>>> print(open('input-v2.txt').read())   # compact mmCIF, C-alpha atoms and all ligand atoms
# COMPACT_ATOMS: atom_id res chain seq x y z
CA MET A 388 -34.58 90.91 251.16
CA GLU A 389 -33.26 88.46 248.60
CA THR A 390 -30.46 88.58 246.07
CA ILE A 391 -30.99 87.52 242.48
CA VAL A 392 -28.65 87.69 239.52
CA CYS A 393 -29.97 89.63 236.55
CA ILE A 394 -29.58 87.56 233.36
CA GLU A 395 -30.65 90.29 230.96
CA CYS A 396 -27.06 91.07 229.90
CA PRO A 397 -23.52 89.78 230.51
CA ASN A 398 -22.95 92.20 233.44
CA GLY A 399 -24.91 89.81 235.67
CA CYS A 400 -25.74 92.41 238.33
CA GLU A 401 -26.50 90.95 241.75
CA LEU A 402 -29.80 92.64 242.50
CA GLU A 403 -31.09 93.20 245.99
CA VAL A 404 -34.84 92.77 245.89
CA GLU A 405 -37.31 93.49 248.65
CA LYS A 406 -41.08 93.28 248.76
CA VAL A 407 -42.76 95.37 251.44
CA ASN A 408 -46.53 95.85 251.57
CA GLY A 409 -46.80 94.69 247.98
CA GLU A 410 -44.21 97.23 246.80
CA ILE A 411 -41.09 95.79 245.15
CA THR A 412 -37.84 97.68 245.64
CA VAL A 413 -34.76 96.82 243.56
CA ARG A 414 -31.21 97.97 244.35
CA LYS A 415 -27.76 97.42 242.84
CA ASN A 416 -29.15 97.37 239.28
CA ARG A 417 -27.03 99.22 236.73
CA CYS A 418 -30.01 99.92 234.50
CA LYS A 419 -33.81 99.90 234.33
CA ARG A 420 -33.88 96.44 232.74
CA GLY A 421 -32.72 95.04 236.06
CA VAL A 422 -35.79 96.47 237.78
CA ASP A 423 -38.11 94.94 235.19
CA PHE A 424 -36.26 91.61 235.41
CA ALA A 425 -36.43 91.51 239.22
CA LYS A 426 -40.14 92.34 239.28
CA ALA A 427 -40.88 89.66 236.68
CA GLU A 428 -38.78 87.15 238.62
CA LEU A 429 -40.74 87.81 241.78
CA LEU A 430 -44.19 87.96 240.22
CA ASN A 431 -44.07 85.60 237.23
CA PRO A 432 -40.66 84.16 236.35
CA LYS A 433 -40.35 82.96 232.75
CA ARG A 434 -37.75 81.06 230.76
CA THR A 435 -37.10 79.73 227.28
CA ILE A 436 -36.35 76.06 226.58
CA SER A 437 -34.12 74.53 223.93
CA SER A 438 -34.16 70.77 223.57
CA THR A 439 -34.51 67.99 221.00
CA VAL A 440 -37.34 65.74 219.84
CA LYS A 441 -37.01 62.16 218.63
CA THR A 442 -37.63 61.30 214.98
CA VAL A 443 -38.35 58.07 213.09
CA PHE A 444 -35.46 58.76 210.69
CA PRO A 445 -32.36 56.68 211.48
CA ASN A 446 -29.98 59.21 209.90
CA VAL A 447 -31.42 62.04 212.03
CA PRO A 448 -32.61 60.44 215.26
CA VAL A 449 -33.19 63.78 217.04
CA LEU A 450 -34.08 67.29 215.88
CA PRO A 451 -33.25 70.49 217.82
CA VAL A 452 -36.27 72.50 218.97
CA ARG A 453 -37.09 75.50 221.14
CA VAL A 454 -40.12 77.32 222.48
CA SER A 455 -41.26 80.27 220.36
CA ALA A 456 -41.77 82.47 223.43
CA GLU A 457 -40.91 82.42 227.11
CA ILE A 458 -42.99 80.11 229.30
CA PRO A 459 -43.61 80.21 233.06
CA LYS A 460 -40.58 78.78 234.88
CA ALA A 461 -42.89 76.59 236.96
CA ARG A 462 -44.11 74.79 233.80
CA ILE A 463 -40.71 73.86 232.36
CA PHE A 464 -40.93 70.20 233.43
CA ASP A 465 -44.49 69.89 232.06
CA VAL A 466 -43.37 71.28 228.71
CA MET A 467 -40.31 69.00 228.67
CA LYS A 468 -42.65 66.02 229.11
CA GLU A 469 -44.61 67.14 226.04
CA ILE A 470 -41.39 67.55 224.06
CA ASN A 471 -40.17 64.11 225.16
CA ASN A 472 -43.44 62.52 223.99
CA VAL A 473 -42.88 63.66 220.39
CA CYS A 474 -41.56 61.30 217.71
CA LEU A 475 -41.48 63.16 214.38
CA ASP A 476 -42.45 61.25 211.26
CA LYS A 477 -42.42 64.23 208.86
CA ARG A 478 -39.40 65.96 207.36
CA ILE A 479 -40.08 69.45 208.68
CA GLY A 480 -37.79 72.47 208.40
CA LYS A 481 -36.46 75.25 210.60
CA GLY A 482 -39.20 77.40 212.13
CA GLU A 483 -41.98 74.89 211.52
CA ILE A 484 -44.30 74.15 214.41
CA ILE A 485 -44.09 70.76 216.11
CA ILE A 486 -46.49 71.44 219.00
CA GLN A 487 -48.85 74.39 218.66
CA ASP A 488 -49.65 76.37 221.82
CA VAL A 489 -48.02 73.79 224.07
CA LEU A 490 -50.20 73.20 227.16
CA GLY A 491 -52.11 76.39 226.33
CA LEU A 492 -49.15 78.52 227.40
CA GLY A 493 -49.14 80.70 224.29
CA ALA A 494 -45.86 79.32 222.94
CA ASP A 495 -45.21 76.79 220.19
CA ILE A 496 -42.49 74.16 220.03
CA ILE A 497 -40.62 74.86 216.80
CA ALA A 498 -37.79 73.22 214.89
CA THR A 499 -34.48 75.08 214.92
CA SER A 500 -32.74 73.11 212.19
CA ASN A 501 -33.24 72.13 208.54
CA ILE A 502 -31.31 68.90 208.95
CA LEU A 503 -34.39 66.72 208.30
CA LYS A 504 -34.90 68.50 204.96
CA THR A 505 -31.28 68.20 203.87
CA LEU A 506 -30.31 64.65 204.89
S1 LIG B 1 -29.31 95.41 235.64
FE1 LIG B 1 -28.88 96.14 233.57
S2 LIG B 1 -26.65 96.13 233.47
FE2 LIG B 1 -27.19 94.85 235.21
S3 LIG B 1 -27.27 92.75 234.36
FE3 LIG B 1 -29.35 93.61 234.29
S4 LIG B 1 -29.52 94.44 232.23
FE4 LIG B 1 -27.35 94.17 232.64
>>> encode(input="input-v2.txt", output="structure tokens")
Amino acid sequence: METIVCIECPNGCELEVEKVNGEITVRKNRCKRGVDFAKAELLNPKRTISSTVKTVFPNVPVLPVRVSAEIPKARIFDVMKEINNVCLDKRIGKGEIIIQDVLGLGADIIATSNILKTL
């Protein structure tokens, strides 16, 4: 049995999770979302990333970005390497794609600010 904290809402339930003969049992969850979260954490944990990319513009040296969808937790460092390799030379706006389908994971890296368009 292992204990994991559900991050689906501010309650932060400490879930007791057990896998026996391929069957996952979850206890101490206050709602069904905790069961879904625990199963996903055991089988295929995913996370979002927010970060920044470099730009060539001296007045805006970095631009905030995020992934457009959750990615496998195990690939976070690989995706961060891709993000760190970017140096933007176009004045893109909020929601525009910087890296499409990063590493084939089904998520884009998108801008979360219009600062390059306004400065
Ligand atoms: S189990 Fe339900 S109530 Fe508890 S933290 Fe998760 S979402 Fe919130």
>>> residues_near_ligand(input="input-v2.txt", ligand="ligand LIG 1 (chain B)", cutoff="10 Å", atoms="all atoms listed in the file", output="list of chain:residue names")
A:Val392, A:Cys393, A:Ile394, A:Glu395, A:Cys396, A:Pro397, A:Asn398, A:Gly399, A:Cys400, A:Glu401, A:Leu402, A:Val413, A:Arg414, A:Lys415, A:Asn416, A:Arg417, A:Cys418, A:Lys419, A:Arg420, A:Gly421, A:Val422, A:Asp423, A:Phe424, A:Ala425
>>> atom_distance(input="input-v2.txt", atom1="atom CA of Ser500 of chain A", atom2="atom CA of Ser455 of chain A")
13.8 Å
>>> atom_distance(input="input-v2.txt", atom1="atom CA of Ala498 of chain A", atom2="atom CA of Phe464 of chain A")
19.0 Å
>>> residues_around(input="input-v2.txt", residues="Asp465 of chain A", least_positions_apart="4", cutoff="12 Å", atoms="only C-alpha atoms", output="number ranges by chain")
A: 436, 458-461, 469-472, 489-492
>>> axis_aligned_box(input="input-v2.txt", around="segment 449-459 of chain A", padding_each_side="4 Å", output="JSON")
{"center_x": -38.4, "center_y": 73.1, "center_z": 224.5, "size_x": 18.4, "size_y": 26.7, "size_z": 25.2}
>>> closest_residue(input="input-v2.txt", among="A:Val449, A:Leu503, A:Met467, A:Val407", to="Ser437 of chain A", atoms="only C-alpha atoms")
A:Met467
>>> closest_residue(input="input-v2.txt", among="A:Arg453, A:Lys504, A:Arg462, A:Lys426", to="Arg478 of chain A", atoms="only C-alpha atoms")
A:Lys504
>>> atom_distance(input="input-v2.txt", atom1="atom CA of Thr439 of chain A", atom2="atom CA of Gly493 of chain A")
19.7 Å
>>> closest_residue(input="input-v2.txt", among="A:Val404, A:Val447, A:Ile479, A:Thr442", to="Leu430 of chain A", atoms="all atoms listed in the file")
A:Val404
>>> closest_residue(input="input-v2.txt", among="A:Val466, A:Val440, A:Leu506, A:Leu450", to="Lys481 of chain A", atoms="only C-alpha atoms")
A:Leu450
>>> closest_residue(input="input-v2.txt", among="A:Thr499, A:Leu429, A:Cys474, A:Glu410", to="Thr390 of chain A", atoms="only C-alpha atoms")
A:Leu429
>>> closest_residue(input="input-v2.txt", among="A:Val452, A:Ala427, A:Ile411, A:Met388", to="Leu475 of chain A", atoms="all atoms listed in the file")
A:Val452
